[in-house]
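S.K.: Let me give you the structure first, and then I'll get to my questions.
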Amino acid sequence: MNTPLRRVSVFCLALVLALMGWATWLQAARAGDYMDDPHNPRVAIGKYAAPLGNILVDGEPVTGSAATSSTLKYKRTYKNGPLYAPVTGFTSQIFGSNQLESLYGDLLDGSDGRLQSPADAVLHERAKGGDVATTIDSKVQKAGYEALGDKKGAAVALDPATGRILGMVSTPSYDPGKFAGSGSADQKAWKAMSEDGDEPNVNRALRQALPPGSTFKLVVAAAALENGLYSSVDEPTHSPDPYTLPHTRTELTNENAAAPCRNATLRTALQYSCNTVFAKIAADLGKDKVAAQAEKFGFNDGKVDVPVRAAKSLYPKDMDAAQTALSGIGQFNDQATPVQMAMVASAIANGGELKTPQLVDKLTDGGGNTVQRNGPKTYGKTMSARTAEQLRSAMETVVDKGTGSNAKIDGLTVGGKTGTAQHGVDNSGTPYAWFVSYARNAAGQQVAVAVMVEDGHAARNEVSGNGLAAPVARAMMKAALS
């Protein structure tokens, strides 16, 4: 073989080897990247080639699949879509997925390796989709949804003993089935939802943190008892009325000028929601001690996963004494989600031990066999059992004799705390109405609930935690324990 021909042969052989190496690298090292690339049509074709597994409530599917005439053979369907959208999220052939539909997408479409039989692995076939069983109680969910009605708001109900989320409502809601497909009607439905000023696509129960108002006084009361500032909820405090914010000339007053807030006990201060008492307690304790107590409940934790991640609830640390006083009544820059305030009520109801909220009970394969079961997990110890008992007693006074009367339920022991949080510059906006509570029946079963109503349509003088939010909590507690 002459030299030029040999060089050409070597060059061609090098090209072949390079091509083989490139193909091998693509099929091995990069195969996963291409398989997972959302722009790869094979991904969507594979996902929708067969019916998806379902999301279950009370053991019954609230999702389904329907055959189509397109390349994507099946699309997701929803039963009572607006009712359960804050729980399920959505799966759309065009717009992707979120919440449980996204977190457990591999299980639902059968691509989760835990679902594959040996035969599936050998033949490279996708297994039948598995199911996601939620902790939601349909009666509690429906009660909260109907009680909120056309109000803008959210509600969360927890089982204090286990952390199971029994109800998670956000209104206004949306129907995820309207944009589950790939047609023009789906695109129009998505556009209408996305442009709606009331933001129905926002899960207010988990993702919207707002000033908690006077419901935060429970956190401050816990800090006062845990740090020995006061020995019980029936010991008089050292609280002037009005109270001048530290290092200022600004006088803080109470909503009810006739309330007996001067030197009131913690019980009386919670009963009448005395701003002066809790602002002074926060200032006396200092921001660090209040922050330490708040963080035991979950504030400032950016990784509260239920398993959908909740927005961070904030207790600020960069404050002067006056700002610390205002933070003690749930104002200044305090921010809390409904699930966070449900955690506060849950810890108090459960003797100080806070269970991590969880939305998913178990995962099963296509044959109904359990792949994963989620047992109770302890988030942490928030306070002593004695402090929790003291706060429960005071919260029951709030409902029996104070500002939370609309939460009373015959045959149940109910404790609660109202809140009306300022909104806008100089409180120019319609305030937010809050109510946090727990209820216990004769058998010792309990439920903890937090409700937030963000209702721009209500007249300002009609906004109160007892008037707007307590009836929603009452409906959910009654449904959970009746």
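We name chains A, B, ... following the order of the structure tokens; residues begin at 1 in each chain, and ligands are numbered from 1 as shown.
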Pull the strand (DSSP E or B) assignments for region 266-368 of chain A out of DSSP run on the backbone, and list those residues as a PDB file with N, CA and C atoms, in the first residue's frame.

M.R.:
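The file below, states_35.pdb, is the result:
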ATOM      1  N   ASP A 305     -41.290  21.236  53.663  1.00  0.00           N
ATOM      2  CA  ASP A 305     -41.823  20.494  52.518  1.00  0.00           C
ATOM      3  C   ASP A 305     -42.925  19.558  52.990  1.00  0.00           C
ATOM      4  N   ARG A 309     -43.139  22.397  48.639  1.00  0.00           N
ATOM      5  CA  ARG A 309     -42.437  23.344  49.507  1.00  0.00           C
ATOM      6  C   ARG A 309     -43.304  24.557  49.815  1.00  0.00           C
ATOM      7  N   LEU A 314     -41.655  34.402  57.866  1.00  0.00           N
ATOM      8  CA  LEU A 314     -40.540  35.237  58.309  1.00  0.00           C
ATOM      9  C   LEU A 314     -40.798  35.919  59.644  1.00  0.00           C
ATOM     10  N   GLN A 335     -44.206  37.732  58.554  1.00  0.00           N
ATOM     11  CA  GLN A 335     -44.907  37.109  57.431  1.00  0.00           C
ATOM     12  C   GLN A 335     -45.164  35.644  57.778  1.00  0.00           C
ATOM     13  N   ALA A 336     -46.371  35.164  57.493  1.00  0.00           N
ATOM     14  CA  ALA A 336     -46.690  33.763  57.784  1.00  0.00           C
ATOM     15  C   ALA A 336     -47.656  33.213  56.747  1.00  0.00           C
ATOM     16  N   GLU A 353     -45.251  19.401  71.210  1.00  0.00           N
ATOM     17  CA  GLU A 353     -44.512  18.670  70.186  1.00  0.00           C
ATOM     18  C   GLU A 353     -45.131  18.930  68.817  1.00  0.00           C
ATOM     19  N   LEU A 354     -44.315  19.442  67.905  1.00  0.00           N
ATOM     20  CA  LEU A 354     -44.796  19.783  66.564  1.00  0.00           C
ATOM     21  C   LEU A 354     -44.452  18.683  65.581  1.00  0.00           C
ATOM     22  N   LYS A 355     -45.467  18.133  64.945  1.00  0.00           N
ATOM     23  CA  LYS A 355     -45.275  17.148  63.898  1.00  0.00           C
ATOM     24  C   LYS A 355     -45.161  17.850  62.543  1.00  0.00           C
ATOM     25  N   GLN A 358     -47.702  16.773  56.608  1.00  0.00           N
ATOM     26  CA  GLN A 358     -47.500  15.906  55.446  1.00  0.00           C
ATOM     27  C   GLN A 358     -48.817  15.710  54.704  1.00  0.00           C
ATOM     28  N   VAL A 360     -48.957  13.488  51.884  1.00  0.00           N
ATOM     29  CA  VAL A 360     -48.982  12.182  51.208  1.00  0.00           C
ATOM     30  C   VAL A 360     -48.872  11.061  52.234  1.00  0.00           C
ATOM     31  N   ASP A 361     -49.837  10.153  52.187  1.00  0.00           N
ATOM     32  CA  ASP A 361     -49.846   9.010  53.095  1.00  0.00           C
ATOM     33  C   ASP A 361     -48.946   7.890  52.573  1.00  0.00           C
ATOM     34  N   LYS A 362     -49.137   7.500  51.299  1.00  0.00           N
ATOM     35  CA  LYS A 362     -48.320   6.434  50.729  1.00  0.00           C
ATOM     36  C   LYS A 362     -48.318   6.506  49.215  1.00  0.00           C
ATOM     37  N   LEU A 363     -47.342   5.816  48.634  1.00  0.00           N
ATOM     38  CA  LEU A 363     -47.239   5.650  47.185  1.00  0.00           C
ATOM     39  C   LEU A 363     -47.408   4.168  46.887  1.00  0.00           C
ATOM     40  N   THR A 364     -48.156   3.857  45.827  1.00  0.00           N
ATOM     41  CA  THR A 364     -48.363   2.461  45.452  1.00  0.00           C
ATOM     42  C   THR A 364     -48.036   2.261  43.978  1.00  0.00           C
TER      43      THR A 364
END

S.K.: Near Ile136 (chain A), within 8 Å and counting only C-alpha atoms, which residues show up once chain neighbours fewer than 6 positions away are dropped, as a list in words?

M.R.: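 After dropping sequence-adjacent residues, the list is Val57, Asp58, Arg164, Ile165, Leu166, Gly167, Met168 and Leu359 of chain A.
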
S.K.: Those residues with N, CA and C atoms, as a CSV table (one decimal), in the first residue's frame please?

M.R.:
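Now in selection19.csv:
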chain,number,residue,atom,x,y,z
A,57,VAL,N,-57.9,10.6,47.2
A,57,VAL,CA,-58.5,11.2,48.4
A,57,VAL,C,-59.5,10.2,49.0
A,58,ASP,N,-59.3,9.9,50.3
A,58,ASP,CA,-60.1,8.8,50.9
A,58,ASP,C,-60.1,7.5,50.1
A,164,ARG,N,-50.7,15.0,59.7
A,164,ARG,CA,-51.4,14.7,58.5
A,164,ARG,C,-52.3,16.0,58.1
A,165,ILE,N,-52.2,16.4,56.9
A,165,ILE,CA,-53.0,17.5,56.4
A,165,ILE,C,-54.3,17.0,56.0
A,166,LEU,N,-55.4,17.4,56.7
A,166,LEU,CA,-56.7,16.9,56.5
A,166,LEU,C,-57.5,17.7,55.5
A,167,GLY,N,-57.1,19.0,55.4
A,167,GLY,CA,-57.7,19.9,54.4
A,167,GLY,C,-56.7,21.0,54.0
A,168,MET,N,-56.7,21.3,52.7
A,168,MET,CA,-55.8,22.4,52.3
A,168,MET,C,-56.6,23.1,51.1
A,359,LEU,N,-48.7,15.7,53.4
A,359,LEU,CA,-49.9,15.7,52.5
A,359,LEU,C,-50.0,14.3,51.9

S.K.: Counting only C-alpha atoms, figure out which residue out of A:Ala443, A:Ala161, A:Ala127, A:Leu285 gets nearest to Ala345 (chain A).

M.R.: A:Ala161

S.K.: Can you list, as an mmCIF file with all heavy atoms, in the first residue's frame, every protein, DNA or RNA residue that comes within 10 Å of Ala209 (chain A) when you count only C-alpha atoms, leaving out same-chain residues fewer than 5 positions away?

M.R.:
data_model
loop_
_atom_site.group_PDB
_atom_site.id
_atom_site.type_symbol
_atom_site.label_atom_id
_atom_site.label_comp_id
_atom_site.auth_asym_id
_atom_site.auth_seq_id
_atom_site.Cartn_x
_atom_site.Cartn_y
_atom_site.Cartn_z
ATOM 1 N N ARG A 204 -52.523 29.688 47.993
ATOM 2 C CA ARG A 204 -52.397 30.584 49.137
ATOM 3 C C ARG A 204 -52.141 29.843 50.441
ATOM 4 O O ARG A 204 -51.573 30.395 51.378
ATOM 5 C CB ARG A 204 -53.661 31.441 49.255
ATOM 6 C CG ARG A 204 -53.784 32.469 48.144
ATOM 7 C CD ARG A 204 -55.104 33.226 48.202
ATOM 8 N NE ARG A 204 -55.047 34.405 47.355
ATOM 9 C CZ ARG A 204 -55.225 34.401 46.039
ATOM 10 N NH1 ARG A 204 -55.491 33.257 45.417
ATOM 11 N NH2 ARG A 204 -55.141 35.525 45.336
ATOM 12 N N ALA A 310 -43.393 24.869 51.103
ATOM 13 C CA ALA A 310 -44.118 26.064 51.524
ATOM 14 C C ALA A 310 -43.210 27.279 51.432
ATOM 15 O O ALA A 310 -41.985 27.174 51.585
ATOM 16 C CB ALA A 310 -44.620 25.894 52.955
ATOM 17 N N ALA A 311 -43.798 28.430 51.179
ATOM 18 C CA ALA A 311 -43.025 29.672 51.209
ATOM 19 C C ALA A 311 -42.508 29.894 52.625
ATOM 20 O O ALA A 311 -43.133 29.483 53.607
ATOM 21 C CB ALA A 311 -43.900 30.844 50.769
ATOM 22 N N LYS A 312 -41.365 30.551 52.737
ATOM 23 C CA LYS A 312 -40.776 30.792 54.057
ATOM 24 C C LYS A 312 -41.631 31.792 54.833
ATOM 25 O O LYS A 312 -41.989 32.859 54.339
ATOM 26 C CB LYS A 312 -39.355 31.340 53.920
ATOM 27 C CG LYS A 312 -38.669 31.587 55.260
ATOM 28 C CD LYS A 312 -37.371 32.361 55.123
ATOM 29 C CE LYS A 312 -36.280 31.519 54.504
ATOM 30 N NZ LYS A 312 -34.961 32.221 54.548
ATOM 31 N N SER A 313 -41.967 31.431 56.063
ATOM 32 C CA SER A 313 -42.612 32.373 56.979
ATOM 33 C C SER A 313 -41.508 33.109 57.722
ATOM 34 O O SER A 313 -40.540 32.494 58.169
ATOM 35 C CB SER A 313 -43.520 31.625 57.947
ATOM 36 O OG SER A 313 -44.617 31.050 57.253
ATOM 37 N N LEU A 314 -41.655 34.402 57.866
ATOM 38 C CA LEU A 314 -40.540 35.237 58.309
ATOM 39 C C LEU A 314 -40.798 35.919 59.644
ATOM 40 O O LEU A 314 -41.827 36.572 59.836
ATOM 41 C CB LEU A 314 -40.256 36.302 57.244
ATOM 42 C CG LEU A 314 -39.151 37.314 57.562
ATOM 43 C CD1 LEU A 314 -37.789 36.639 57.591
ATOM 44 C CD2 LEU A 314 -39.158 38.444 56.517
ATOM 45 N N ASP A 334 -43.359 40.877 59.966
ATOM 46 C CA ASP A 334 -43.736 39.475 60.177
ATOM 47 C C ASP A 334 -44.500 38.967 58.954
ATOM 48 O O ASP A 334 -45.342 39.686 58.396
ATOM 49 C CB ASP A 334 -44.653 39.329 61.391
ATOM 50 C CG ASP A 334 -43.966 39.685 62.702
ATOM 51 O OD1 ASP A 334 -42.837 40.199 62.658
ATOM 52 O OD2 ASP A 334 -44.576 39.448 63.759
ATOM 53 N N GLN A 335 -44.206 37.732 58.554
ATOM 54 C CA GLN A 335 -44.907 37.109 57.431
ATOM 55 C C GLN A 335 -45.164 35.644 57.778
ATOM 56 O O GLN A 335 -44.275 34.962 58.297
ATOM 57 C CB GLN A 335 -44.067 37.171 56.150
ATOM 58 C CG GLN A 335 -43.729 38.574 55.667
ATOM 59 C CD GLN A 335 -44.889 39.232 54.972
ATOM 60 O OE1 GLN A 335 -45.500 38.673 54.068
ATOM 61 N NE2 GLN A 335 -45.220 40.447 55.391
ATOM 62 N N ALA A 336 -46.371 35.164 57.493
ATOM 63 C CA ALA A 336 -46.690 33.763 57.784
ATOM 64 C C ALA A 336 -47.656 33.213 56.747
ATOM 65 O O ALA A 336 -48.553 33.918 56.273
ATOM 66 C CB ALA A 336 -47.297 33.618 59.182
ATOM 67 N N THR A 337 -47.462 31.956 56.395
ATOM 68 C CA THR A 337 -48.409 31.242 55.536
ATOM 69 C C THR A 337 -49.478 30.596 56.412
ATOM 70 O O THR A 337 -49.251 30.358 57.610
ATOM 71 C CB THR A 337 -47.697 30.141 54.736
ATOM 72 O OG1 THR A 337 -47.106 29.208 55.670
ATOM 73 C CG2 THR A 337 -46.622 30.720 53.833
ATOM 74 N N PRO A 338 -50.627 30.272 55.851
ATOM 75 C CA PRO A 338 -51.627 29.530 56.629
ATOM 76 C C PRO A 338 -51.101 28.206 57.187
ATOM 77 O O PRO A 338 -51.420 27.850 58.322
ATOM 78 C CB PRO A 338 -52.753 29.317 55.617
ATOM 79 C CG PRO A 338 -52.679 30.538 54.744
ATOM 80 C CD PRO A 338 -51.204 30.775 54.577
ATOM 81 N N VAL A 339 -50.277 27.483 56.413
ATOM 82 C CA VAL A 339 -49.759 26.224 56.948
ATOM 83 C C VAL A 339 -48.848 26.482 58.145
ATOM 84 O O VAL A 339 -48.813 25.696 59.100
ATOM 85 C CB VAL A 339 -49.044 25.393 55.862
ATOM 86 C CG1 VAL A 339 -47.700 25.977 55.480
ATOM 87 C CG2 VAL A 339 -48.880 23.946 56.314
ATOM 88 N N GLN A 340 -48.115 27.601 58.148
ATOM 89 C CA GLN A 340 -47.265 27.933 59.293
ATOM 90 C C GLN A 340 -48.105 28.192 60.542
ATOM 91 O O GLN A 340 -47.786 27.703 61.633
ATOM 92 C CB GLN A 340 -46.410 29.158 58.976
ATOM 93 C CG GLN A 340 -45.626 29.700 60.156
ATOM 94 C CD GLN A 340 -44.634 28.706 60.719
ATOM 95 O OE1 GLN A 340 -43.568 28.507 60.165
ATOM 96 N NE2 GLN A 340 -44.978 28.060 61.835
#

S.K.: Residues within 12 Å of Ala279 (chain A), please, as a count of residues only. Count only C-alpha atoms; anything in the same chain fewer than 6 positions from it doesn't count.

M.R.: 40

S.K.: List every residue of region 40-187 of chain A that DSSP, applied to the backbone of this structure, places in alpha helix (DSSP H), and write the result as JSON, numbers by chain.

M.R.: {"A": [41, 42, 43, 44, 45, 46, 47, 81, 82, 83, 84, 85, 86, 87, 88, 99, 100, 101, 102, 103, 105, 106, 107, 108, 109, 118, 119, 120, 121, 122, 123, 138, 139, 140, 141, 142, 143, 144, 145, 146, 147, 148, 184, 185, 186, 187]}

S.K.: Which residue gives the smallest distance to Tyr272 (chain A) among A:Met395, A:Ala388, A:Ala205, A:Ala448, with only C-alpha atoms counted?

M.R.: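 Checking each of A:Met395, A:Ala388, A:Ala205, A:Ala448 against Tyr272 (chain A), counting only C-alpha atoms, the winner is A:Met395.
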
S.K.: Which of these residues is nearest to Gln93 (chain A), using only C-alpha atoms: A:Gly181, A:Gly81, A:Gly144, A:Pro212?

M.R.: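 Using only C-alpha atoms, the shortest distance to Gln93 (chain A) belongs to A:Gly181.
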
S.K.: How close does region 355-436 of chain A get to region 148-160 of chain A? List, as a Markdown table, each residue of region 355-436 of chain A within 12 Å, its nearest atom pair and the distance in Å to one decimal, counting only C-alpha atoms.

M.R.:
| residue | atom | partner | partner_atom | distance |
| --- | --- | --- | --- | --- |
| A:Lys355 | CA | A:Pro160 | CA | 6.8 |
| A:Thr356 | CA | A:Pro160 | CA | 9.4 |
| A:Pro357 | CA | A:Leu158 | CA | 7.2 |
| A:Gln358 | CA | A:Leu158 | CA | 8.9 |
| A:Leu359 | CA | A:Leu158 | CA | 9.7 |
| A:Pro376 | CA | A:Pro160 | CA | 10.2 |
| A:Lys377 | CA | A:Pro160 | CA | 11.3 |
| A:Thr378 | CA | A:Pro160 | CA | 10.7 |
| A:Tyr379 | CA | A:Pro160 | CA | 11.6 |
| A:Tyr432 | CA | A:Gly153 | CA | 9.2 |
| A:Ala433 | CA | A:Gly153 | CA | 9.1 |
| A:Trp434 | CA | A:Gly153 | CA | 9.7 |
| A:Phe435 | CA | A:Ala155 | CA | 9.4 |
| A:Val436 | CA | A:Ala155 | CA | 9.6 |

S.K.: Quick one: write out the picked residues with N, CA, C and O atoms as a PDB file, in the first residue's frame?

M.R.:
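Now in out.pdb:
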ATOM      1  N   LYS A 355     -45.467  18.133  64.945  1.00  0.00           N
ATOM      2  CA  LYS A 355     -45.275  17.148  63.898  1.00  0.00           C
ATOM      3  C   LYS A 355     -45.161  17.850  62.543  1.00  0.00           C
ATOM      4  O   LYS A 355     -45.858  18.825  62.271  1.00  0.00           O
ATOM      5  N   THR A 356     -44.273  17.353  61.689  1.00  0.00           N
ATOM      6  CA  THR A 356     -44.096  17.921  60.361  1.00  0.00           C
ATOM      7  C   THR A 356     -45.353  17.712  59.528  1.00  0.00           C
ATOM      8  O   THR A 356     -45.844  16.585  59.423  1.00  0.00           O
ATOM      9  N   PRO A 357     -45.905  18.770  58.939  1.00  0.00           N
ATOM     10  CA  PRO A 357     -47.097  18.586  58.102  1.00  0.00           C
ATOM     11  C   PRO A 357     -46.790  17.681  56.914  1.00  0.00           C
ATOM     12  O   PRO A 357     -45.732  17.797  56.286  1.00  0.00           O
ATOM     13  N   GLN A 358     -47.702  16.773  56.608  1.00  0.00           N
ATOM     14  CA  GLN A 358     -47.500  15.906  55.446  1.00  0.00           C
ATOM     15  C   GLN A 358     -48.817  15.710  54.704  1.00  0.00           C
ATOM     16  O   GLN A 358     -49.871  15.527  55.299  1.00  0.00           O
ATOM     17  N   LEU A 359     -48.705  15.749  53.385  1.00  0.00           N
ATOM     18  CA  LEU A 359     -49.855  15.674  52.496  1.00  0.00           C
ATOM     19  C   LEU A 359     -50.022  14.298  51.865  1.00  0.00           C
ATOM     20  O   LEU A 359     -51.079  13.971  51.354  1.00  0.00           O
ATOM     21  N   PRO A 376     -45.562   9.470  60.745  1.00  0.00           N
ATOM     22  CA  PRO A 376     -45.396  10.778  61.387  1.00  0.00           C
ATOM     23  C   PRO A 376     -43.923  11.114  61.617  1.00  0.00           C
ATOM     24  O   PRO A 376     -43.119  10.238  61.941  1.00  0.00           O
ATOM     25  N   LYS A 377     -43.587  12.392  61.437  1.00  0.00           N
ATOM     26  CA  LYS A 377     -42.238  12.875  61.702  1.00  0.00           C
ATOM     27  C   LYS A 377     -42.324  14.070  62.650  1.00  0.00           C
ATOM     28  O   LYS A 377     -43.174  14.939  62.479  1.00  0.00           O
ATOM     29  N   THR A 378     -41.431  14.097  63.622  1.00  0.00           N
ATOM     30  CA  THR A 378     -41.429  15.200  64.585  1.00  0.00           C
ATOM     31  C   THR A 378     -40.568  16.337  64.063  1.00  0.00           C
ATOM     32  O   THR A 378     -39.394  16.149  63.763  1.00  0.00           O
ATOM     33  N   TYR A 379     -41.173  17.528  63.947  1.00  0.00           N
ATOM     34  CA  TYR A 379     -40.423  18.715  63.527  1.00  0.00           C
ATOM     35  C   TYR A 379     -39.547  19.202  64.679  1.00  0.00           C
ATOM     36  O   TYR A 379     -38.394  19.583  64.476  1.00  0.00           O
ATOM     37  N   TYR A 432     -56.204  41.935  56.485  1.00  0.00           N
ATOM     38  CA  TYR A 432     -56.333  40.488  56.338  1.00  0.00           C
ATOM     39  C   TYR A 432     -56.952  39.924  57.614  1.00  0.00           C
ATOM     40  O   TYR A 432     -56.557  40.307  58.723  1.00  0.00           O
ATOM     41  N   ALA A 433     -57.893  39.022  57.464  1.00  0.00           N
ATOM     42  CA  ALA A 433     -58.538  38.400  58.617  1.00  0.00           C
ATOM     43  C   ALA A 433     -57.957  37.005  58.831  1.00  0.00           C
ATOM     44  O   ALA A 433     -57.882  36.209  57.888  1.00  0.00           O
ATOM     45  N   TRP A 434     -57.566  36.708  60.075  1.00  0.00           N
ATOM     46  CA  TRP A 434     -56.983  35.420  60.420  1.00  0.00           C
ATOM     47  C   TRP A 434     -57.757  34.773  61.572  1.00  0.00           C
ATOM     48  O   TRP A 434     -58.345  35.455  62.403  1.00  0.00           O
ATOM     49  N   PHE A 435     -57.695  33.441  61.600  1.00  0.00           N
ATOM     50  CA  PHE A 435     -58.156  32.716  62.773  1.00  0.00           C
ATOM     51  C   PHE A 435     -57.373  31.415  62.857  1.00  0.00           C
ATOM     52  O   PHE A 435     -57.283  30.673  61.869  1.00  0.00           O
ATOM     53  N   VAL A 436     -56.765  31.162  64.014  1.00  0.00           N
ATOM     54  CA  VAL A 436     -56.078  29.890  64.249  1.00  0.00           C
ATOM     55  C   VAL A 436     -56.760  29.221  65.439  1.00  0.00           C
ATOM     56  O   VAL A 436     -57.162  29.890  66.394  1.00  0.00           O
TER      57      VAL A 436
END

S.K.: For Asp320 (chain A), which of A:Glu60, A:Asp137, A:Gly351, A:Asp288 is the closest residue, counting only C-alpha atoms?

M.R.: A:Asp288

S.K.: Can you tell me which residues surround Val308 (chain A) at a distance of at most 10 Å, considering only C-alpha atoms, apart from same-chain residues fewer than 4 positions away, and format the answer as a PDB file with N, CA, C and O atoms, in the first residue's frame?

M.R.:
ATOM      1  N   VAL A  87     -54.321  20.742  46.149  1.00  0.00           N
ATOM      2  CA  VAL A  87     -53.719  19.480  46.588  1.00  0.00           C
ATOM      3  C   VAL A  87     -52.976  18.810  45.439  1.00  0.00           C
ATOM      4  O   VAL A  87     -51.795  18.458  45.551  1.00  0.00           O
ATOM      5  N   GLY A  89     -52.366  19.992  42.191  1.00  0.00           N
ATOM      6  CA  GLY A  89     -51.656  20.735  41.167  1.00  0.00           C
ATOM      7  C   GLY A  89     -52.226  20.352  39.808  1.00  0.00           C
ATOM      8  O   GLY A  89     -53.355  19.878  39.709  1.00  0.00           O
ATOM      9  N   ASN A  98     -47.165  20.781  38.120  1.00  0.00           N
ATOM     10  CA  ASN A  98     -46.677  21.333  39.379  1.00  0.00           C
ATOM     11  C   ASN A  98     -47.248  20.527  40.542  1.00  0.00           C
ATOM     12  O   ASN A  98     -48.027  19.601  40.376  1.00  0.00           O
ATOM     13  N   GLN A  99     -46.798  20.845  41.735  1.00  0.00           N
ATOM     14  CA  GLN A  99     -47.241  20.237  42.990  1.00  0.00           C
ATOM     15  C   GLN A  99     -47.137  18.707  42.956  1.00  0.00           C
ATOM     16  O   GLN A  99     -46.142  18.169  42.484  1.00  0.00           O
ATOM     17  N   LEU A 100     -48.121  17.982  43.470  1.00  0.00           N
ATOM     18  CA  LEU A 100     -47.995  16.527  43.523  1.00  0.00           C
ATOM     19  C   LEU A 100     -47.857  15.926  42.139  1.00  0.00           C
ATOM     20  O   LEU A 100     -47.149  14.928  41.948  1.00  0.00           O
ATOM     21  N   SER A 102     -46.251  17.047  39.713  1.00  0.00           N
ATOM     22  CA  SER A 102     -44.860  17.176  39.286  1.00  0.00           C
ATOM     23  C   SER A 102     -43.922  16.355  40.160  1.00  0.00           C
ATOM     24  O   SER A 102     -43.075  15.613  39.656  1.00  0.00           O
ATOM     25  N   LEU A 103     -44.080  16.467  41.479  1.00  0.00           N
ATOM     26  CA  LEU A 103     -43.179  15.782  42.405  1.00  0.00           C
ATOM     27  C   LEU A 103     -43.202  14.265  42.220  1.00  0.00           C
ATOM     28  O   LEU A 103     -42.188  13.593  42.378  1.00  0.00           O
ATOM     29  N   LEU A 206     -50.092  27.405  50.970  1.00  0.00           N
ATOM     30  CA  LEU A 206     -48.677  27.083  51.110  1.00  0.00           C
ATOM     31  C   LEU A 206     -47.743  28.191  50.659  1.00  0.00           C
ATOM     32  O   LEU A 206     -46.648  28.339  51.206  1.00  0.00           O
ATOM     33  N   ARG A 207     -48.148  28.947  49.671  1.00  0.00           N
ATOM     34  CA  ARG A 207     -47.195  29.804  48.974  1.00  0.00           C
ATOM     35  C   ARG A 207     -47.383  31.304  49.220  1.00  0.00           C
ATOM     36  O   ARG A 207     -46.621  32.096  48.699  1.00  0.00           O
ATOM     37  N   LYS A 303     -37.285  25.405  54.149  1.00  0.00           N
ATOM     38  CA  LYS A 303     -37.396  24.043  53.628  1.00  0.00           C
ATOM     39  C   LYS A 303     -38.492  23.255  54.329  1.00  0.00           C
ATOM     40  O   LYS A 303     -38.305  22.105  54.712  1.00  0.00           O
ATOM     41  N   VAL A 304     -39.650  23.887  54.503  1.00  0.00           N
ATOM     42  CA  VAL A 304     -40.811  23.176  55.027  1.00  0.00           C
ATOM     43  C   VAL A 304     -41.506  22.529  53.830  1.00  0.00           C
ATOM     44  O   VAL A 304     -42.203  23.189  53.059  1.00  0.00           O
ATOM     45  N   GLN A 358     -47.702  16.773  56.608  1.00  0.00           N
ATOM     46  CA  GLN A 358     -47.500  15.906  55.446  1.00  0.00           C
ATOM     47  C   GLN A 358     -48.817  15.710  54.704  1.00  0.00           C
ATOM     48  O   GLN A 358     -49.871  15.527  55.299  1.00  0.00           O
ATOM     49  N   LEU A 359     -48.705  15.749  53.385  1.00  0.00           N
ATOM     50  CA  LEU A 359     -49.855  15.674  52.496  1.00  0.00           C
ATOM     51  C   LEU A 359     -50.022  14.298  51.865  1.00  0.00           C
ATOM     52  O   LEU A 359     -51.079  13.971  51.354  1.00  0.00           O
ATOM     53  N   VAL A 360     -48.957  13.488  51.884  1.00  0.00           N
ATOM     54  CA  VAL A 360     -48.982  12.182  51.208  1.00  0.00           C
ATOM     55  C   VAL A 360     -48.872  11.061  52.234  1.00  0.00           C
ATOM     56  O   VAL A 360     -47.930  11.023  53.028  1.00  0.00           O
TER      57      VAL A 360
END

S.K.: Which one is closest to Gly177 (chain A): A:Thr135, A:Ser194, A:Gln372, A:Thr77? Count only C-alpha atoms.

M.R.: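 Of the candidates, the smallest distance to Gly177 (chain A) is held by A:Thr77.
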
S.K.: Go through A:Gln141, A:Pro316, A:Leu107, A:Leu391 one by one, measure the shortest atom-to-atom distance of each to Asp234 (chain A) using only C-alpha atoms, and give the residue with the smallest value.

M.R.: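 For Asp234 (chain A), the nearest of the candidates is A:Leu391.
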